[in-house]
Amino acid sequence: MSPRPALAPEPTPAPIGPALSPVVRERASARTSDRVYDELVSAIRELRLAPGTSLSETELAERLHVSRTPVREAIARLVDAGLVRVVPQVGTRVGLISLREVEEARFVRESLEVSAFEAACAGLAPDVSGLRELLEQQERSYRTEDYNAFFVADEALHAGIFALSGYPGAWQVVQRTKLQLDRLRRLTLPNKAGVRVLIDEHRAIVDVLEKADVAAGRALISRHARRAMELAPSLRDKYPDYFTE
């Protein structure tokens with residue numbers, strides 16, 4: 001199978017998403033600041049808060065339906081995590097996408113997913129029925145152009161490979177390292193031609209996993225993991241204010 005050329009992103013408006021969701025404590029033991037932090041991380045990951053967006057404690061508190069104290073605590077954690085930056089005399093802003101961190105996350109994800117694929121092939125024939133259901137979800141999302149649903153099904157498919165490997169916790173390690181990579185991936189959407197390429201690659205990975213073809217799986221996963229980085233130069237040209245090195 002010859003590699004497909006990288007597809008440049010289609011022209012789209014800047015990906016400013018919907019408003020933040022109000023924070024509701026799901027259990028008495030849950031700290032409001034933890035819920036605020038989780039919501040802000042999700043909003044940054046999903047580009048509902050675009051890179052460089054100015055953050056106001058007062059406005060965030062109003063939108064999240066909480067007091068300013070948990071917002072202040074959450075922002076402090078986001079600064080420590082490198083997701084938010086405080087610039088003297090400028091204010092608090094969502095951090096830019098670091099291409100260095102994107103590449104590092106790509107390395108971690110590719111290395112661990114190749115290992116997970118190999119482990120999944122080591123035992124009995126892997127049961128890929130769940131992965132095939134996720135492929136059908138991706139196809140439905142493709143037809144309806146529901147790219148948020150596609151992204152969720154995409155994540156679930158990769159998590160499923162780690163589950164079949166017997167090391168599902170390793171996917172959580174990947175998740176913690178790839179927020180910058182996810183922001184880059186979200187910038188490629190919507191792009192129907194690009195999503196078609198991703199689904200075809202997912203299907204090829206599931207096919208060789210079912211056959212326990214380790215060599216083919218290594219090659220497919222490596223190429224798939226590097227897809228977003230191939231688009232990075234054109235995305236940086238399109239959204240120059242979103243990126244740092």
# chains A, B, ... in the order shown; residues from 1 in each chain; ligands from 1
call {"tool": "residues_around", "arguments": {"residues": "Val152 (chain A)", "least_positions_apart": "3", "cutoff": "12 Å", "atoms": "only C-alpha atoms", "output": "CSV table (one decimal) with C-alpha atoms, in the first residue's frame"}}
result
chain,number,residue,atom,x,y,z
A,46,GLU,CA,-11.5,21.3,21.5
A,134,LEU,CA,-16.5,2.5,15.9
A,135,LEU,CA,-15.6,2.5,12.2
A,137,GLN,CA,-19.8,5.4,13.7
A,138,GLN,CA,-17.0,7.3,11.9
A,141,SER,CA,-20.2,11.1,11.1
A,146,ASP,CA,-20.5,15.7,12.3
A,147,TYR,CA,-16.8,16.2,12.9
A,148,ASN,CA,-17.1,16.4,16.7
A,149,ALA,CA,-18.7,13.0,16.7
A,155,GLU,CA,-10.3,8.7,20.1
A,156,ALA,CA,-12.4,5.6,21.1
A,157,LEU,CA,-10.9,3.5,18.4
A,158,HIS,CA,-7.4,4.2,19.5
A,159,ALA,CA,-8.3,3.6,23.1
A,182,ASP,CA,-5.2,17.3,19.8
A,186,ARG,CA,-8.9,19.8,15.6
call {"tool": "residues_around", "arguments": {"residues": "Glu139 (chain A)", "least_positions_apart": "6", "cutoff": "9 Å", "atoms": "only C-alpha atoms", "output": "PyMOL selection string"}}
result
chain A and resi 150+196+199
call {"tool": "residues_around", "arguments": {"residues": "Glu110 (chain A)", "least_positions_apart": "6", "cutoff": "12 Å", "atoms": "only C-alpha atoms", "output": "number ranges by chain"}}
result
A: 103-104, 116-117, 158, 171, 174, 177-178, 181, 217-227
call {"tool": "closest_residue", "arguments": {"among": "A:Val41, A:Leu187, A:Ala215, A:Val84", "to": "Ala232 (chain A)", "atoms": "only C-alpha atoms"}}
result
A:Leu187
call {"tool": "select_by_dssp", "arguments": {"residues": "region 16-162 of chain A", "states": "strand (DSSP E)", "output": "PDB file with all heavy atoms, in the first residue's frame"}}
result
ATOM      1  N   SER A  54      -8.123  35.800  25.182  1.00  0.00           N
ATOM      2  CA  SER A  54      -7.995  36.485  26.464  1.00  0.00           C
ATOM      3  C   SER A  54      -8.984  35.884  27.463  1.00  0.00           C
ATOM      4  O   SER A  54     -10.140  35.612  27.117  1.00  0.00           O
ATOM      5  CB  SER A  54      -8.279  37.977  26.285  1.00  0.00           C
ATOM      6  OG  SER A  54      -8.195  38.647  27.515  1.00  0.00           O
ATOM      7  N   LEU A  55      -8.520  35.664  28.694  1.00  0.00           N
ATOM      8  CA  LEU A  55      -9.347  35.054  29.728  1.00  0.00           C
ATOM      9  C   LEU A  55      -9.584  36.048  30.863  1.00  0.00           C
ATOM     10  O   LEU A  55      -8.630  36.589  31.423  1.00  0.00           O
ATOM     11  CB  LEU A  55      -8.672  33.793  30.279  1.00  0.00           C
ATOM     12  CG  LEU A  55      -8.391  32.667  29.282  1.00  0.00           C
ATOM     13  CD1 LEU A  55      -7.680  31.527  29.977  1.00  0.00           C
ATOM     14  CD2 LEU A  55      -9.689  32.182  28.633  1.00  0.00           C
ATOM     15  N   VAL A  84      -2.059  27.942  29.804  1.00  0.00           N
ATOM     16  CA  VAL A  84      -2.440  29.354  29.899  1.00  0.00           C
ATOM     17  C   VAL A  84      -1.196  30.143  30.271  1.00  0.00           C
ATOM     18  O   VAL A  84      -0.342  29.651  31.015  1.00  0.00           O
ATOM     19  CB  VAL A  84      -3.552  29.543  30.960  1.00  0.00           C
ATOM     20  CG1 VAL A  84      -3.717  31.010  31.339  1.00  0.00           C
ATOM     21  CG2 VAL A  84      -4.873  28.974  30.440  1.00  0.00           C
ATOM     22  N   ARG A  85      -1.068  31.343  29.745  1.00  0.00           N
ATOM     23  CA  ARG A  85       0.081  32.180  30.077  1.00  0.00           C
ATOM     24  C   ARG A  85      -0.388  33.537  30.582  1.00  0.00           C
ATOM     25  O   ARG A  85      -1.417  34.053  30.131  1.00  0.00           O
ATOM     26  CB  ARG A  85       1.017  32.339  28.874  1.00  0.00           C
ATOM     27  CG  ARG A  85       0.381  32.934  27.657  1.00  0.00           C
ATOM     28  CD  ARG A  85       1.203  32.732  26.398  1.00  0.00           C
ATOM     29  NE  ARG A  85       0.533  33.235  25.218  1.00  0.00           N
ATOM     30  CZ  ARG A  85       0.782  34.396  24.642  1.00  0.00           C
ATOM     31  NH1 ARG A  85       1.695  35.200  25.164  1.00  0.00           N
ATOM     32  NH2 ARG A  85       0.141  34.777  23.557  1.00  0.00           N
ATOM     33  N   VAL A  86       0.345  34.063  31.528  1.00  0.00           N
ATOM     34  CA  VAL A  86       0.050  35.379  32.082  1.00  0.00           C
ATOM     35  C   VAL A  86       1.162  36.323  31.638  1.00  0.00           C
ATOM     36  O   VAL A  86       2.337  36.105  31.967  1.00  0.00           O
ATOM     37  CB  VAL A  86      -0.036  35.341  33.616  1.00  0.00           C
ATOM     38  CG1 VAL A  86      -0.305  36.746  34.161  1.00  0.00           C
ATOM     39  CG2 VAL A  86      -1.128  34.375  34.065  1.00  0.00           C
ATOM     40  N   VAL A  87       0.789  37.331  30.866  1.00  0.00           N
ATOM     41  CA  VAL A  87       1.759  38.287  30.336  1.00  0.00           C
ATOM     42  C   VAL A  87       1.569  39.616  31.063  1.00  0.00           C
ATOM     43  O   VAL A  87       0.471  40.186  31.032  1.00  0.00           O
ATOM     44  CB  VAL A  87       1.578  38.490  28.820  1.00  0.00           C
ATOM     45  CG1 VAL A  87       2.623  39.461  28.291  1.00  0.00           C
ATOM     46  CG2 VAL A  87       1.665  37.159  28.090  1.00  0.00           C
ATOM     47  N   GLY A  91      -2.235  40.544  30.168  1.00  0.00           N
ATOM     48  CA  GLY A  91      -3.324  39.772  30.753  1.00  0.00           C
ATOM     49  C   GLY A  91      -3.115  38.277  30.623  1.00  0.00           C
ATOM     50  O   GLY A  91      -2.026  37.804  30.267  1.00  0.00           O
ATOM     51  N   THR A  92      -4.164  37.540  30.921  1.00  0.00           N
ATOM     52  CA  THR A  92      -4.143  36.081  30.894  1.00  0.00           C
ATOM     53  C   THR A  92      -4.721  35.591  29.582  1.00  0.00           C
ATOM     54  O   THR A  92      -5.816  36.014  29.187  1.00  0.00           O
ATOM     55  CB  THR A  92      -4.963  35.525  32.080  1.00  0.00           C
ATOM     56  OG1 THR A  92      -4.434  36.037  33.303  1.00  0.00           O
ATOM     57  CG2 THR A  92      -4.907  34.008  32.114  1.00  0.00           C
ATOM     58  N   ARG A  93      -3.979  34.715  28.916  1.00  0.00           N
ATOM     59  CA  ARG A  93      -4.420  34.229  27.612  1.00  0.00           C
ATOM     60  C   ARG A  93      -4.206  32.725  27.497  1.00  0.00           C
ATOM     61  O   ARG A  93      -3.311  32.166  28.138  1.00  0.00           O
ATOM     62  CB  ARG A  93      -3.657  34.930  26.472  1.00  0.00           C
ATOM     63  CG  ARG A  93      -3.908  36.431  26.398  1.00  0.00           C
ATOM     64  CD  ARG A  93      -3.191  37.062  25.218  1.00  0.00           C
ATOM     65  NE  ARG A  93      -3.430  38.505  25.149  1.00  0.00           N
ATOM     66  CZ  ARG A  93      -4.487  39.055  24.583  1.00  0.00           C
ATOM     67  NH1 ARG A  93      -5.401  38.282  24.014  1.00  0.00           N
ATOM     68  NH2 ARG A  93      -4.644  40.366  24.568  1.00  0.00           N
ATOM     69  N   VAL A  94      -5.023  32.098  26.656  1.00  0.00           N
ATOM     70  CA  VAL A  94      -4.810  30.690  26.329  1.00  0.00           C
ATOM     71  C   VAL A  94      -3.474  30.558  25.611  1.00  0.00           C
ATOM     72  O   VAL A  94      -3.151  31.357  24.723  1.00  0.00           O
ATOM     73  CB  VAL A  94      -5.946  30.155  25.423  1.00  0.00           C
ATOM     74  CG1 VAL A  94      -5.661  28.717  25.007  1.00  0.00           C
ATOM     75  CG2 VAL A  94      -7.284  30.249  26.143  1.00  0.00           C
ATOM     76  N   ILE A  97      -0.202  27.041  20.417  1.00  0.00           N
ATOM     77  CA  ILE A  97       0.145  25.648  20.114  1.00  0.00           C
ATOM     78  C   ILE A  97       1.647  25.558  19.892  1.00  0.00           C
ATOM     79  O   ILE A  97       2.188  26.205  18.994  1.00  0.00           O
ATOM     80  CB  ILE A  97      -0.603  25.147  18.864  1.00  0.00           C
ATOM     81  CG1 ILE A  97      -2.117  25.191  19.092  1.00  0.00           C
ATOM     82  CG2 ILE A  97      -0.163  23.726  18.506  1.00  0.00           C
ATOM     83  CD1 ILE A  97      -2.933  24.892  17.850  1.00  0.00           C
ATOM     84  N   SER A  98       2.304  24.764  20.710  1.00  0.00           N
ATOM     85  CA  SER A  98       3.748  24.586  20.604  1.00  0.00           C
ATOM     86  C   SER A  98       4.049  23.414  19.678  1.00  0.00           C
ATOM     87  O   SER A  98       3.724  22.261  19.983  1.00  0.00           O
ATOM     88  CB  SER A  98       4.347  24.311  21.990  1.00  0.00           C
ATOM     89  OG  SER A  98       5.665  23.811  21.878  1.00  0.00           O
TER      90      SER A  98
END
call {"tool": "residues_around", "arguments": {"residues": "region 60-67 of chain A", "least_positions_apart": "4", "cutoff": "12 Å", "atoms": "only C-alpha atoms", "output": "PyMOL selection string"}}
result
chain A and resi 18-25+31-40+43+49+54-56+71-75+92
call {"tool": "select_by_dssp", "arguments": {"residues": "region 141-240 of chain A", "states": "alpha helix (DSSP H)", "output": "PyMOL selection string"}}
result
chain A and resi 141-144+147-165+169-177+179-187+192-210+214-225+227-238
call {"tool": "write_last_selection", "arguments": {"atoms": "C-alpha atoms", "output": "PDB file, in the first residue's frame"}}
result
ATOM      1  CA  SER A 141     -20.157  11.055  11.142  1.00  0.00           C
ATOM      2  CA  TYR A 142     -18.432  11.444   7.780  1.00  0.00           C
ATOM      3  CA  ARG A 143     -21.723  11.276   5.876  1.00  0.00           C
ATOM      4  CA  THR A 144     -23.427  13.800   8.161  1.00  0.00           C
ATOM      5  CA  TYR A 147     -16.808  16.239  12.923  1.00  0.00           C
ATOM      6  CA  ASN A 148     -17.143  16.445  16.695  1.00  0.00           C
ATOM      7  CA  ALA A 149     -18.724  12.980  16.690  1.00  0.00           C
ATOM      8  CA  PHE A 150     -15.971  11.783  14.372  1.00  0.00           C
ATOM      9  CA  PHE A 151     -13.293  13.023  16.767  1.00  0.00           C
ATOM     10  CA  VAL A 152     -14.935  11.165  19.681  1.00  0.00           C
ATOM     11  CA  ALA A 153     -15.151   7.927  17.672  1.00  0.00           C
ATOM     12  CA  ASP A 154     -11.554   8.417  16.501  1.00  0.00           C
ATOM     13  CA  GLU A 155     -10.349   8.667  20.108  1.00  0.00           C
ATOM     14  CA  ALA A 156     -12.429   5.642  21.125  1.00  0.00           C
ATOM     15  CA  LEU A 157     -10.920   3.505  18.361  1.00  0.00           C
ATOM     16  CA  HIS A 158      -7.365   4.225  19.465  1.00  0.00           C
ATOM     17  CA  ALA A 159      -8.347   3.636  23.091  1.00  0.00           C
ATOM     18  CA  GLY A 160      -9.768   0.296  21.948  1.00  0.00           C
ATOM     19  CA  ILE A 161      -6.407  -0.788  20.561  1.00  0.00           C
ATOM     20  CA  PHE A 162      -4.841  -0.133  23.958  1.00  0.00           C
ATOM     21  CA  ALA A 163      -7.675  -2.065  25.645  1.00  0.00           C
ATOM     22  CA  LEU A 164      -7.005  -5.074  23.391  1.00  0.00           C
ATOM     23  CA  SER A 165      -3.311  -4.874  24.273  1.00  0.00           C
ATOM     24  CA  GLY A 169      -3.912   2.614  31.320  1.00  0.00           C
ATOM     25  CA  ALA A 170      -1.214   3.372  28.751  1.00  0.00           C
ATOM     26  CA  TRP A 171      -3.830   5.254  26.726  1.00  0.00           C
ATOM     27  CA  GLN A 172      -4.326   7.571  29.700  1.00  0.00           C
ATOM     28  CA  VAL A 173      -0.587   8.311  29.582  1.00  0.00           C
ATOM     29  CA  VAL A 174      -0.973   9.214  25.906  1.00  0.00           C
ATOM     30  CA  GLN A 175      -3.989  11.394  26.680  1.00  0.00           C
ATOM     31  CA  ARG A 176      -2.083  13.404  29.266  1.00  0.00           C
ATOM     32  CA  THR A 177       0.715  14.193  26.817  1.00  0.00           C
ATOM     33  CA  LEU A 179      -3.315  18.065  24.324  1.00  0.00           C
ATOM     34  CA  GLN A 180      -1.169  20.196  22.026  1.00  0.00           C
ATOM     35  CA  LEU A 181      -1.379  17.476  19.371  1.00  0.00           C
ATOM     36  CA  ASP A 182      -5.169  17.326  19.756  1.00  0.00           C
ATOM     37  CA  ARG A 183      -5.434  21.075  19.188  1.00  0.00           C
ATOM     38  CA  LEU A 184      -3.490  20.669  15.954  1.00  0.00           C
ATOM     39  CA  ARG A 185      -5.740  17.761  14.956  1.00  0.00           C
ATOM     40  CA  ARG A 186      -8.868  19.816  15.645  1.00  0.00           C
ATOM     41  CA  LEU A 187      -7.545  22.573  13.388  1.00  0.00           C
ATOM     42  CA  LYS A 192     -14.119  16.005   4.457  1.00  0.00           C
ATOM     43  CA  ALA A 193     -11.309  14.753   2.227  1.00  0.00           C
ATOM     44  CA  GLY A 194      -8.933  14.598   5.204  1.00  0.00           C
ATOM     45  CA  VAL A 195     -11.469  12.718   7.344  1.00  0.00           C
ATOM     46  CA  ARG A 196     -11.915  10.207   4.508  1.00  0.00           C
ATOM     47  CA  VAL A 197      -8.171   9.528   4.589  1.00  0.00           C
ATOM     48  CA  LEU A 198      -8.238   9.028   8.369  1.00  0.00           C
ATOM     49  CA  ILE A 199     -11.154   6.596   8.252  1.00  0.00           C
ATOM     50  CA  ASP A 200      -9.481   4.577   5.501  1.00  0.00           C
ATOM     51  CA  GLU A 201      -6.307   4.406   7.577  1.00  0.00           C
ATOM     52  CA  HIS A 202      -8.306   3.354  10.654  1.00  0.00           C
ATOM     53  CA  ARG A 203      -9.950   0.572   8.662  1.00  0.00           C
ATOM     54  CA  ALA A 204      -6.587  -0.637   7.370  1.00  0.00           C
ATOM     55  CA  ILE A 205      -5.208  -0.704  10.937  1.00  0.00           C
ATOM     56  CA  VAL A 206      -8.193  -2.737  12.170  1.00  0.00           C
ATOM     57  CA  ASP A 207      -7.853  -5.148   9.227  1.00  0.00           C
ATOM     58  CA  VAL A 208      -4.191  -5.929   9.962  1.00  0.00           C
ATOM     59  CA  LEU A 209      -4.900  -6.113  13.701  1.00  0.00           C
ATOM     60  CA  GLU A 210      -7.491  -8.814  13.040  1.00  0.00           C
ATOM     61  CA  VAL A 214       2.620  -6.885  13.300  1.00  0.00           C
ATOM     62  CA  ALA A 215       4.879  -5.575  10.530  1.00  0.00           C
ATOM     63  CA  ALA A 216       1.999  -4.035   8.567  1.00  0.00           C
ATOM     64  CA  GLY A 217       0.526  -2.607  11.768  1.00  0.00           C
ATOM     65  CA  ARG A 218       3.768  -0.881  12.721  1.00  0.00           C
ATOM     66  CA  ALA A 219       3.964   0.823   9.332  1.00  0.00           C
ATOM     67  CA  LEU A 220       0.306   1.876   9.280  1.00  0.00           C
ATOM     68  CA  ILE A 221       0.283   3.263  12.819  1.00  0.00           C
ATOM     69  CA  SER A 222       3.512   5.190  12.273  1.00  0.00           C
ATOM     70  CA  ARG A 223       2.187   6.792   9.111  1.00  0.00           C
ATOM     71  CA  HIS A 224      -1.170   7.535  10.727  1.00  0.00           C
ATOM     72  CA  ALA A 225       0.420   9.086  13.824  1.00  0.00           C
ATOM     73  CA  ARG A 227      -0.470  12.658   9.562  1.00  0.00           C
ATOM     74  CA  ALA A 228      -1.200  15.772  11.631  1.00  0.00           C
ATOM     75  CA  MET A 229       2.444  16.854  11.648  1.00  0.00           C
ATOM     76  CA  GLU A 230       2.474  16.714   7.849  1.00  0.00           C
ATOM     77  CA  LEU A 231      -0.250  19.371   7.877  1.00  0.00           C
ATOM     78  CA  ALA A 232       1.451  21.572  10.479  1.00  0.00           C
ATOM     79  CA  PRO A 233       3.224  23.926   8.005  1.00  0.00           C
ATOM     80  CA  SER A 234       0.033  24.740   6.081  1.00  0.00           C
ATOM     81  CA  LEU A 235      -1.944  25.148   9.322  1.00  0.00           C
ATOM     82  CA  ARG A 236       0.694  27.491  10.721  1.00  0.00           C
ATOM     83  CA  ASP A 237       0.496  29.562   7.532  1.00  0.00           C
ATOM     84  CA  LYS A 238      -3.293  29.690   7.803  1.00  0.00           C
TER      85      LYS A 238
END
call {"tool": "closest_residue", "arguments": {"among": "A:Gly95, A:Glu113, A:Glu133, A:Ala212", "to": "Pro168 (chain A)", "atoms": "only C-alpha atoms"}}
result
A:Glu113
call {"tool": "atom_distance", "arguments": {"atom1": "CA of Val102 (chain A)", "atom2": "CA of Ala119 (chain A)"}}
result
25.5 Å
